[in-house]
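Visitor: Input file: upload-v6.txt. Contents: compact mmCIF, C-alpha atoms.
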```txt
# COMPACT_ATOMS: atom_id res chain seq x y z
CA MET A 1 -96.71 -10.16 80.10
CA ILE A 2 -98.18 -13.63 79.54
CA PRO A 3 -100.99 -13.49 76.96
CA PHE A 4 -103.78 -16.05 76.89
CA ASN A 5 -102.89 -17.08 73.34
CA ARG A 6 -100.14 -16.35 70.85
CA PRO A 7 -100.43 -17.45 67.19
CA PHE A 8 -97.39 -19.31 65.90
CA LEU A 9 -95.63 -20.39 62.72
CA SER A 10 -94.74 -24.04 62.22
CA GLY A 11 -92.11 -23.33 59.53
CA ARG A 12 -93.32 -23.46 55.91
CA GLU A 13 -96.37 -21.16 55.94
CA ILE A 14 -94.77 -18.28 54.02
CA GLU A 15 -93.13 -20.64 51.54
CA TYR A 16 -96.46 -22.30 50.76
CA ILE A 17 -98.25 -18.95 50.42
CA ARG A 18 -95.58 -17.90 47.91
CA GLN A 19 -96.14 -21.15 46.00
CA ALA A 20 -99.90 -20.53 45.91
CA HIS A 21 -99.28 -17.12 44.37
CA GLN A 22 -96.85 -18.55 41.81
CA LEU A 23 -99.41 -21.15 40.76
CA GLY A 24 -101.73 -18.30 39.81
CA GLN A 25 -104.81 -19.46 41.72
CA LEU A 26 -105.69 -17.63 44.91
CA ALA A 27 -109.40 -18.49 44.86
CA GLY A 28 -110.51 -21.63 46.62
CA ASN A 29 -110.42 -25.29 45.69
CA GLY A 30 -106.91 -25.34 44.27
CA LYS A 31 -103.81 -27.42 44.97
CA PHE A 32 -103.48 -26.49 48.65
CA THR A 33 -107.18 -26.97 49.40
CA SER A 34 -106.95 -30.44 47.88
CA GLU A 35 -103.83 -31.35 49.86
CA CYS A 36 -105.40 -30.20 53.14
CA GLN A 37 -108.49 -32.26 52.43
CA HIS A 38 -106.45 -35.34 51.61
CA TRP A 39 -104.50 -34.90 54.85
CA LEU A 40 -107.71 -34.67 56.89
CA GLU A 41 -109.21 -37.72 55.20
CA HIS A 42 -106.08 -39.76 55.85
CA LYS A 43 -105.69 -38.58 59.43
CA THR A 44 -109.30 -38.83 60.58
CA GLY A 45 -110.55 -41.68 58.41
CA CYS A 46 -113.58 -39.70 57.23
CA ILE A 47 -115.05 -40.52 53.82
CA LYS A 48 -114.70 -36.98 52.51
CA SER A 49 -113.51 -33.66 53.91
CA LEU A 50 -114.31 -30.20 52.60
CA LEU A 51 -112.26 -27.22 53.70
CA THR A 52 -114.38 -24.21 54.75
CA HIS A 53 -113.69 -20.62 55.67
CA SER A 54 -114.73 -21.34 59.28
CA CYS A 55 -116.13 -24.02 61.53
CA THR A 56 -119.29 -21.91 61.57
CA ALA A 57 -119.59 -22.46 57.81
CA ALA A 58 -119.12 -26.20 58.26
CA LEU A 59 -121.90 -26.26 60.87
CA GLU A 60 -124.18 -24.33 58.52
CA MET A 61 -123.53 -26.96 55.87
CA CYS A 62 -124.44 -29.65 58.41
CA ALA A 63 -127.77 -27.94 59.05
CA ILE A 64 -128.55 -27.93 55.32
CA LEU A 65 -127.45 -31.54 54.87
CA ALA A 66 -129.57 -32.57 57.86
CA GLY A 67 -132.60 -31.04 56.15
CA ILE A 68 -133.41 -28.83 59.11
CA ALA A 69 -136.72 -27.05 58.50
CA PRO A 70 -138.68 -24.52 60.59
CA GLY A 71 -139.68 -26.08 63.90
CA ASP A 72 -137.26 -29.00 63.74
CA GLU A 73 -135.41 -29.59 67.01
CA VAL A 74 -131.71 -30.18 67.51
CA ILE A 75 -130.39 -31.37 70.88
CA MET A 76 -127.15 -29.75 72.05
CA PRO A 77 -125.46 -28.34 75.16
CA SER A 78 -125.98 -24.73 76.20
CA PHE A 79 -122.31 -24.59 77.19
CA THR A 80 -120.92 -24.00 73.70
CA PHE A 81 -120.09 -21.25 71.23
CA VAL A 82 -122.97 -19.45 69.54
CA SER A 83 -122.22 -20.99 66.12
CA THR A 84 -123.34 -24.41 67.36
CA ALA A 85 -126.87 -23.07 67.75
CA ASN A 86 -126.86 -20.34 65.10
CA ALA A 87 -126.20 -22.79 62.28
CA PHE A 88 -129.54 -24.49 62.93
CA VAL A 89 -131.48 -21.35 63.87
CA LEU A 90 -130.62 -19.96 60.42
CA ARG A 91 -132.62 -22.86 58.91
CA GLY A 92 -135.54 -22.30 61.29
CA GLY A 93 -134.45 -25.03 63.68
CA VAL A 94 -134.95 -24.94 67.44
CA PRO A 95 -131.93 -25.75 69.63
CA VAL A 96 -132.95 -27.83 72.64
CA PHE A 97 -130.43 -27.35 75.41
CA VAL A 98 -129.54 -30.27 77.67
CA ASP A 99 -127.31 -30.08 80.73
CA ILE A 100 -123.65 -31.06 80.75
CA ARG A 101 -121.70 -33.65 82.72
CA PRO A 102 -119.91 -32.31 85.79
CA ASP A 103 -116.69 -34.18 84.96
CA THR A 104 -115.99 -33.41 81.27
CA LEU A 105 -118.37 -30.45 80.77
CA ASN A 106 -119.68 -32.29 77.71
CA LEU A 107 -123.28 -33.06 76.79
CA ASP A 108 -124.74 -35.39 79.43
CA GLU A 109 -125.69 -38.45 77.41
CA ALA A 110 -127.94 -39.66 80.22
CA ARG A 111 -130.22 -36.66 79.67
CA ILE A 112 -130.53 -36.81 75.89
CA GLU A 113 -133.26 -39.40 75.46
CA ALA A 114 -135.76 -37.58 77.67
CA ALA A 115 -135.34 -34.47 75.49
CA ILE A 116 -136.31 -36.24 72.26
CA THR A 117 -139.67 -35.33 70.74
CA PRO A 118 -141.34 -36.10 67.39
CA ARG A 119 -139.68 -32.90 66.05
CA THR A 120 -136.12 -33.95 66.98
CA ARG A 121 -133.88 -34.38 63.96
CA ALA A 122 -130.31 -34.37 65.25
CA ILE A 123 -127.96 -34.42 68.24
CA VAL A 124 -124.92 -32.14 68.28
CA ALA A 125 -122.06 -33.54 70.34
CA VAL A 126 -119.68 -30.72 71.32
CA HIS A 127 -116.27 -32.01 72.41
CA TYR A 128 -115.26 -29.42 74.98
CA ALA A 129 -111.53 -28.72 75.34
CA GLY A 130 -110.75 -31.53 72.90
CA VAL A 131 -112.11 -34.13 75.33
CA SER A 132 -114.58 -36.52 73.73
CA CYS A 133 -118.23 -36.95 74.56
CA ASP A 134 -119.41 -40.50 75.25
CA MET A 135 -119.89 -41.19 71.55
CA ASP A 136 -120.88 -44.82 72.01
CA ALA A 137 -123.89 -43.82 74.10
CA ILE A 138 -124.81 -40.93 71.81
CA MET A 139 -124.60 -43.02 68.63
CA ASP A 140 -126.71 -45.73 70.28
CA ILE A 141 -129.43 -43.21 71.18
CA ALA A 142 -129.34 -41.80 67.65
CA ARG A 143 -129.70 -45.25 66.07
CA ARG A 144 -132.67 -46.14 68.24
CA HIS A 145 -134.46 -42.88 67.43
CA ASP A 146 -133.33 -42.51 63.81
CA LEU A 147 -131.46 -39.24 64.44
CA LEU A 148 -128.38 -37.72 62.89
CA VAL A 149 -125.30 -37.10 65.01
CA ILE A 150 -123.21 -34.05 64.23
CA GLU A 151 -119.89 -33.65 66.02
CA ASP A 152 -118.86 -30.10 66.81
CA ALA A 153 -115.17 -30.95 67.08
CA ALA A 154 -114.05 -27.35 66.69
CA GLN A 155 -111.53 -27.92 69.48
CA GLY A 156 -110.88 -31.57 68.69
CA LEU A 157 -108.32 -32.04 65.92
CA MET A 158 -105.84 -34.77 66.97
CA SER A 159 -108.14 -35.96 69.79
CA THR A 160 -109.69 -39.41 69.79
CA HIS A 161 -112.46 -41.48 71.37
CA LYS A 162 -111.41 -45.12 71.77
CA GLY A 163 -108.83 -44.58 69.06
CA ARG A 164 -111.18 -42.91 66.54
CA ALA A 165 -110.61 -39.31 65.54
CA LEU A 166 -113.14 -36.81 66.85
CA GLY A 167 -115.31 -35.62 64.00
CA SER A 168 -115.17 -39.03 62.28
CA ILE A 169 -117.66 -40.89 64.49
CA GLY A 170 -120.98 -39.13 63.91
CA HIS A 171 -122.65 -38.82 60.52
CA LEU A 172 -121.03 -35.40 60.09
CA GLY A 173 -118.25 -33.58 61.91
CA THR A 174 -116.75 -30.11 61.94
CA LEU A 175 -113.31 -28.71 62.79
CA SER A 176 -111.96 -25.22 63.43
CA PHE A 177 -108.60 -23.71 62.48
CA HIS A 178 -109.22 -20.35 64.14
CA GLU A 179 -106.09 -18.74 65.54
CA THR A 180 -107.02 -19.89 69.06
CA LYS A 181 -106.99 -23.57 68.05
CA ASN A 182 -104.14 -26.09 68.05
CA VAL A 183 -103.62 -26.01 64.27
CA ILE A 184 -104.44 -22.64 62.75
CA SER A 185 -104.99 -20.65 59.57
CA GLY A 186 -106.29 -17.44 61.16
CA GLU A 187 -109.84 -18.28 60.21
CA GLY A 188 -110.78 -21.64 58.76
CA GLY A 189 -112.61 -24.90 59.27
CA ALA A 190 -113.57 -28.20 57.71
CA LEU A 191 -116.59 -30.43 57.23
CA LEU A 192 -115.94 -34.13 57.78
CA ILE A 193 -118.41 -36.43 56.04
CA ASN A 194 -118.73 -39.94 57.45
CA SER A 195 -121.81 -41.13 55.57
CA ALA A 196 -121.63 -41.68 51.81
CA ASP A 197 -125.22 -40.44 51.50
CA PHE A 198 -124.05 -36.86 52.09
CA VAL A 199 -120.97 -36.65 49.86
CA GLU A 200 -122.48 -35.55 46.55
CA ARG A 201 -124.86 -32.98 48.01
CA ALA A 202 -122.23 -31.59 50.37
CA GLU A 203 -119.94 -30.84 47.45
CA ILE A 204 -122.76 -29.02 45.66
CA ILE A 205 -123.66 -26.94 48.73
CA TRP A 206 -119.94 -26.16 49.18
CA GLU A 207 -119.70 -24.92 45.59
CA LYS A 208 -122.50 -22.34 45.92
CA GLY A 209 -125.20 -24.83 45.00
CA THR A 210 -123.62 -25.82 41.67
CA ASN A 211 -122.09 -28.99 40.28
CA ARG A 212 -118.90 -27.09 39.44
CA SER A 213 -116.64 -29.75 40.96
CA ARG A 214 -118.17 -32.42 38.74
CA PHE A 215 -117.58 -30.14 35.75
CA PHE A 216 -113.87 -29.79 36.54
CA ARG A 217 -113.60 -33.57 36.97
CA GLY A 218 -115.13 -33.98 33.51
CA ASP A 219 -118.29 -35.66 34.78
CA VAL A 220 -120.55 -33.09 33.09
CA ASP A 221 -119.96 -30.79 30.10
CA LYS A 222 -121.12 -27.65 31.93
CA TYR A 223 -122.07 -26.79 35.46
CA ASN A 224 -125.45 -25.56 36.66
CA TRP A 225 -127.27 -24.32 39.71
CA ILE A 226 -128.42 -27.57 41.33
CA ASP A 227 -129.32 -26.89 44.96
CA VAL A 228 -129.07 -24.35 47.76
CA GLY A 229 -125.54 -23.44 48.76
CA SER A 230 -123.18 -20.62 49.52
CA SER A 231 -119.55 -19.53 49.26
CA TYR A 232 -118.08 -21.84 51.88
CA LEU A 233 -114.59 -22.29 50.42
CA PRO A 234 -111.50 -20.63 51.89
CA GLY A 235 -108.98 -19.01 49.57
CA GLU A 236 -105.76 -20.77 48.59
CA ILE A 237 -103.62 -18.48 50.75
CA THR A 238 -105.53 -19.69 53.81
CA ALA A 239 -105.23 -23.30 52.65
CA ALA A 240 -101.49 -22.89 52.01
CA PHE A 241 -100.95 -21.59 55.54
CA LEU A 242 -103.05 -24.41 56.93
CA LEU A 243 -101.19 -27.15 55.08
CA ALA A 244 -97.92 -26.09 56.68
CA GLN A 245 -99.59 -26.39 60.08
CA LEU A 246 -101.26 -29.74 59.37
CA GLU A 247 -97.92 -31.22 58.34
CA GLN A 248 -96.64 -30.40 61.84
CA ALA A 249 -99.82 -31.35 63.72
CA GLU A 250 -98.22 -34.20 65.67
CA PRO A 251 -95.22 -32.27 67.10
CA LEU A 252 -97.42 -29.24 67.74
CA THR A 253 -99.86 -31.42 69.69
CA ALA A 254 -97.01 -32.97 71.66
CA LYS A 255 -95.76 -29.53 72.69
CA ARG A 256 -99.22 -28.53 73.89
CA GLN A 257 -99.60 -31.79 75.79
CA HIS A 258 -96.32 -31.10 77.56
CA CYS A 259 -97.59 -27.68 78.68
CA TRP A 260 -100.96 -29.16 79.67
CA GLN A 261 -99.35 -31.87 81.78
CA LEU A 262 -97.05 -29.39 83.53
CA TYR A 263 -100.08 -27.31 84.57
CA HIS A 264 -101.82 -30.50 85.70
CA ASP A 265 -98.89 -31.52 87.88
CA LEU A 266 -98.28 -28.04 89.32
CA LEU A 267 -101.95 -27.59 90.21
CA GLU A 268 -102.34 -30.90 92.05
CA PRO A 269 -101.61 -29.32 95.47
CA LEU A 270 -104.25 -26.63 94.90
CA GLU A 271 -106.82 -29.28 94.03
CA ALA A 272 -105.81 -31.24 97.14
CA ALA A 273 -106.35 -28.05 99.17
CA GLY A 274 -109.93 -27.87 97.87
CA VAL A 275 -109.64 -24.46 96.21
CA LEU A 276 -110.07 -25.65 92.62
CA ARG A 277 -110.72 -28.68 90.45
CA ARG A 278 -108.50 -29.73 87.58
CA PRO A 279 -109.84 -31.01 84.21
CA VAL A 280 -111.05 -34.61 84.00
CA VAL A 281 -110.05 -36.70 80.98
CA PRO A 282 -111.75 -40.12 80.70
CA GLY A 283 -109.49 -43.08 80.02
CA ASP A 284 -111.07 -43.76 76.60
CA CYS A 285 -110.18 -40.26 75.36
CA GLY A 286 -106.89 -39.31 73.75
CA HIS A 287 -107.01 -35.53 74.18
CA ASN A 288 -105.12 -32.87 72.25
CA ALA A 289 -104.43 -30.44 75.13
CA HIS A 290 -106.49 -27.77 73.44
CA LEU A 291 -106.93 -25.75 76.61
CA TYR A 292 -106.29 -25.94 80.31
CA TYR A 293 -109.04 -24.79 82.64
CA VAL A 294 -109.66 -24.91 86.36
CA LEU A 295 -112.96 -24.78 88.23
CA LEU A 296 -112.71 -22.49 91.24
CA ALA A 297 -114.29 -23.55 94.51
CA PRO A 298 -117.65 -21.77 95.01
CA LEU A 299 -116.37 -19.52 97.82
CA PHE A 300 -114.02 -17.61 95.48
CA SER A 301 -114.90 -14.65 93.25
CA ARG A 302 -113.79 -15.44 89.71
CA ARG A 303 -113.70 -11.74 88.88
CA ALA A 304 -111.29 -11.10 91.77
CA VAL A 305 -109.07 -14.02 90.77
CA LEU A 306 -108.92 -12.88 87.14
CA LYS A 307 -108.08 -9.35 88.28
CA GLN A 308 -105.22 -10.55 90.45
CA LEU A 309 -103.81 -12.54 87.54
CA ASP A 310 -104.19 -9.52 85.27
CA ASP A 311 -102.44 -7.29 87.81
CA HIS A 312 -99.44 -9.60 87.45
CA GLY A 313 -99.49 -9.43 83.64
CA ILE A 314 -101.26 -12.77 83.15
CA THR A 315 -104.22 -12.92 80.79
CA ALA A 316 -106.54 -15.67 81.96
CA VAL A 317 -110.16 -15.72 80.78
CA PHE A 318 -113.54 -17.29 81.46
CA HIS A 319 -115.40 -19.09 78.71
CA TYR A 320 -118.93 -19.40 77.33
CA VAL A 321 -121.87 -17.53 78.76
CA PRO A 322 -124.45 -20.36 78.55
CA LEU A 323 -126.62 -19.92 75.49
CA HIS A 324 -129.87 -20.59 77.36
CA SER A 325 -129.28 -17.45 79.45
CA SER A 326 -128.59 -15.20 76.45
CA PRO A 327 -131.21 -13.01 74.74
CA ALA A 328 -131.02 -15.00 71.49
CA GLY A 329 -131.09 -18.28 73.37
CA ARG A 330 -134.32 -17.30 75.09
CA ARG A 331 -135.75 -16.18 71.75
CA PHE A 332 -134.78 -19.01 69.44
CA ALA A 333 -134.25 -22.05 71.67
CA ARG A 334 -135.61 -23.89 74.65
CA SER A 335 -134.13 -25.88 77.51
CA HIS A 336 -135.04 -29.38 78.56
CA GLY A 337 -135.01 -29.80 82.31
CA THR A 338 -132.72 -28.02 84.68
CA LEU A 339 -129.34 -26.80 83.46
CA ALA A 340 -127.96 -26.45 86.98
CA THR A 341 -124.55 -27.96 86.19
CA THR A 342 -124.14 -25.65 83.19
CA ASP A 343 -125.05 -22.59 85.27
CA ASP A 344 -122.77 -23.58 88.13
CA LEU A 345 -119.61 -24.61 86.32
CA SER A 346 -119.70 -21.88 83.68
CA GLU A 347 -119.52 -19.30 86.51
CA ARG A 348 -116.46 -20.92 88.10
CA LEU A 349 -114.34 -21.80 85.06
CA VAL A 350 -111.03 -20.05 84.38
CA ARG A 351 -108.85 -20.80 81.34
CA LEU A 352 -105.11 -20.42 81.77
CA PRO A 353 -102.62 -19.28 79.09
CA LEU A 354 -101.57 -22.16 76.83
CA TRP A 355 -99.76 -21.76 73.51
CA ILE A 356 -96.78 -23.06 71.57
CA GLY A 357 -93.70 -21.44 73.06
CA LEU A 358 -95.06 -20.94 76.58
CA GLU A 359 -92.10 -21.52 78.87
CA GLU A 360 -92.00 -23.60 82.04
CA GLN A 361 -91.04 -20.60 84.17
CA GLN A 362 -94.07 -18.73 82.85
CA GLN A 363 -96.37 -21.61 83.75
CA ARG A 364 -94.88 -21.81 87.22
CA PHE A 365 -95.48 -18.08 87.63
CA VAL A 366 -99.12 -18.47 86.52
CA VAL A 367 -99.69 -21.21 89.09
CA LYS A 368 -97.90 -19.22 91.81
CA VAL A 369 -100.09 -16.14 91.28
CA LEU A 370 -103.21 -18.28 91.03
CA GLY A 371 -102.31 -19.97 94.32
CA GLU A 372 -101.81 -16.57 95.96
CA ALA A 373 -105.19 -15.44 94.67
CA LEU A 374 -106.73 -18.52 96.25
CA HIS A 375 -104.89 -17.94 99.53
CA VAL A 376 -102.92 -21.18 99.25
CA LEU A 377 -99.40 -20.17 98.19
```
Can the structure from this file be put into structure tokens for me?
Guide:
Amino acid sequence: MIPFNRPFLSGREIEYIRQAHQLGQLAGNGKFTSECQHWLEHKTGCIKSLLTHSCTAALEMCAILAGIAPGDEVIMPSFTFVSTANAFVLRGGVPVFVDIRPDTLNLDEARIEAAITPRTRAIVAVHYAGVSCDMDAIMDIARRHDLLVIEDAAQGLMSTHKGRALGSIGHLGTLSFHETKNVISGEGGALLINSADFVERAEIIWEKGTNRSRFFRGDVDKYNWIDVGSSYLPGEITAAFLLAQLEQAEPLTAKRQHCWQLYHDLLEPLEAAGVLRRPVVPGDCGHNAHLYYVLLAPLFSRRAVLKQLDDHGITAVFHYVPLHSSPAGRRFARSHGTLATTDDLSERLVRLPLWIGLEEQQQRFVVKVLGEALHVL
């Protein structure tokens, strides 16, 4: 059996969890939370990072910091996870879906400007598969229209755009440490703050709407309810597990890149035969090998291909059902223009197993069965 994903240990997770218990603080914002945040700030270059219990929580904080009010519009792709839209819908915002690029499956920057209205407040750049959007173009559009840019870099830790870490380019960024990601803590996420204007309020929102952090720093003699907020902190056990993973982020990324490249090389003949298309990574993107997908040629049934893989003990999966076609998407959001590329590619995409420890012979077997399913091998 070859599962789609298999969570892994990098080495010191259990040791750090034991240390967290010995320190006597299992609630959030302790030693391990602080060390994770310092690591993220050093690695990404963001002004401030705040660990959260999920990337969803970090996106919700972005919506609050952006001041999203009922009727405000937020431009984003439909080809994304529901949290990208839900975070803004919870504040009364209206997601405005724009089509994706056929090469990277990221937000098509050439279609953004036409979707801007007087109600537009922000653009959400989702970096699919750890491959960067064209952030130069998106930031330029945002500057000219006085909009915020929020990077949904849930899949993007250790990826870069022109040498800059994903999540550190827009005004705000978010990361995920869900067990399906490259660096994991089971559940977990982070908010990356790249504009000093948001730092103080973000900390208050993070601490349930209080100035508790300022109290513990000795800035105030007692803490009070200051603003809206919620319980966005992870516990110290989660942070302890995460720190062990972050410390090994570079070798873990290198191992994934090795697996990614092997798939890419093995699948070249199938692409040449016209039965699938491999992922496209622009030259200005340093990608983290978060996932490996193929786009089947239109004549093939994805369901039949997935079944044949499953019959051989291989768990391959499709990905997002476009949000604009979902019941909640039709209720809470709207689309700008045609989303033909989104509709087309989302129906043909297959994600292959990729995880730390996947062996070369397993990858060769995956490609062999896939080739048989596509009548090539």
Visitor: Which neighbours of segment 185-191 of chain A fall inside 6 Å, counting only C-alpha atoms, when residues of the same chain fewer than 5 positions from it are skipped, and could you give them as a list in words?
Guide: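 Counting only the stated atoms, we get Ser49, Leu50, Leu51, Thr52, His53, Ser54, Cys55, Ala58, Gly173, Thr174, Leu175, Ser176, Phe177, His178, Glu179, Thr238, Phe241 and Leu242 of chain A.
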Visitor: Using C-alpha atoms, can you export the residues from the last selection as a PDB file, in the coordinates of the input?
Guide:
```pdb
ATOM      1  CA  SER A  49    -113.510 -33.660  53.910  1.00  0.00           C
ATOM      2  CA  LEU A  50    -114.310 -30.200  52.600  1.00  0.00           C
ATOM      3  CA  LEU A  51    -112.260 -27.220  53.700  1.00  0.00           C
ATOM      4  CA  THR A  52    -114.380 -24.210  54.750  1.00  0.00           C
ATOM      5  CA  HIS A  53    -113.690 -20.620  55.670  1.00  0.00           C
ATOM      6  CA  SER A  54    -114.730 -21.340  59.280  1.00  0.00           C
ATOM      7  CA  CYS A  55    -116.130 -24.020  61.530  1.00  0.00           C
ATOM      8  CA  ALA A  58    -119.120 -26.200  58.260  1.00  0.00           C
ATOM      9  CA  GLY A 173    -118.250 -33.580  61.910  1.00  0.00           C
ATOM     10  CA  THR A 174    -116.750 -30.110  61.940  1.00  0.00           C
ATOM     11  CA  LEU A 175    -113.310 -28.710  62.790  1.00  0.00           C
ATOM     12  CA  SER A 176    -111.960 -25.220  63.430  1.00  0.00           C
ATOM     13  CA  PHE A 177    -108.600 -23.710  62.480  1.00  0.00           C
ATOM     14  CA  HIS A 178    -109.220 -20.350  64.140  1.00  0.00           C
ATOM     15  CA  GLU A 179    -106.090 -18.740  65.540  1.00  0.00           C
ATOM     16  CA  THR A 238    -105.530 -19.690  53.810  1.00  0.00           C
ATOM     17  CA  PHE A 241    -100.950 -21.590  55.540  1.00  0.00           C
ATOM     18  CA  LEU A 242    -103.050 -24.410  56.930  1.00  0.00           C
TER      19      LEU A 242
END
```
Visitor: Contacts of segment 345-359 of chain A at 6 Å or less, counting all atoms listed in the file, minus same-chain residues fewer than 6 places along, as a count of residues only?
Guide: 10
Visitor: May I have the residues within 12 Å of Val89 of chain A as a list in words, using all atoms listed in the file and disregarding those fewer than 6 positions away in the same chain?
Guide: Leu59, Glu60, Ala63, Ile64, Ile68, Ala69, Pro70, Gly71, Asp72, Glu73, Val74, Val82, Ser83, Pro95, Val96, Ala328, Gly329, Arg331, Phe332, Ala333 and Arg334 of chain A
Visitor: Between A:Asp284, A:Leu374, A:His324, A:Pro251, which is the closest to Phe300 of chain A once you count all atoms listed in the file?
Guide: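 Selected residue with least distance to Phe300 of chain A: A:Leu374.
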Visitor: Using all atoms listed in the file, which protein or nucleic acid residues come within 7 Å of segment 14-27 of chain A? Drop anything in the same chain fewer than 4 positions from it, and give the result as a ChimeraX atom specification.
Guide: /A:235-237,240-241
Visitor: Can you pull out every residue within 12 Å of Asp221 of chain A, counting all atoms listed in the file, but drop anything in the same chain fewer than 6 positions away, and send it as a PyMOL selection string?
Guide: chain A and resi 211-215
Visitor: Using all atoms listed in the file, pick whichever of A:Ala57, A:Asp310, A:Arg12, A:Ser326 has the shortest atom-to-atom distance to Ile205 of chain A.
Guide: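 Of the candidates, the smallest distance to Ile205 of chain A is held by A:Ala57.
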Visitor: Give the answer as one residue: which of A:Gln308, A:Asn182, A:Ser159, A:Ser78 has the shortest atom-to-atom distance to Gln245 of chain A, using only C-alpha atoms?
Guide: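 Answer, going by the shortest atom-to-atom distance: A:Asn182.
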Visitor: With only C-alpha atoms as the atoms that count, which of A:Ile150, A:Leu252, A:Ala373, A:Val367 lies nearest to Arg302 of chain A?
Guide: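 For Arg302 of chain A, the nearest of the given residues is A:Ala373.
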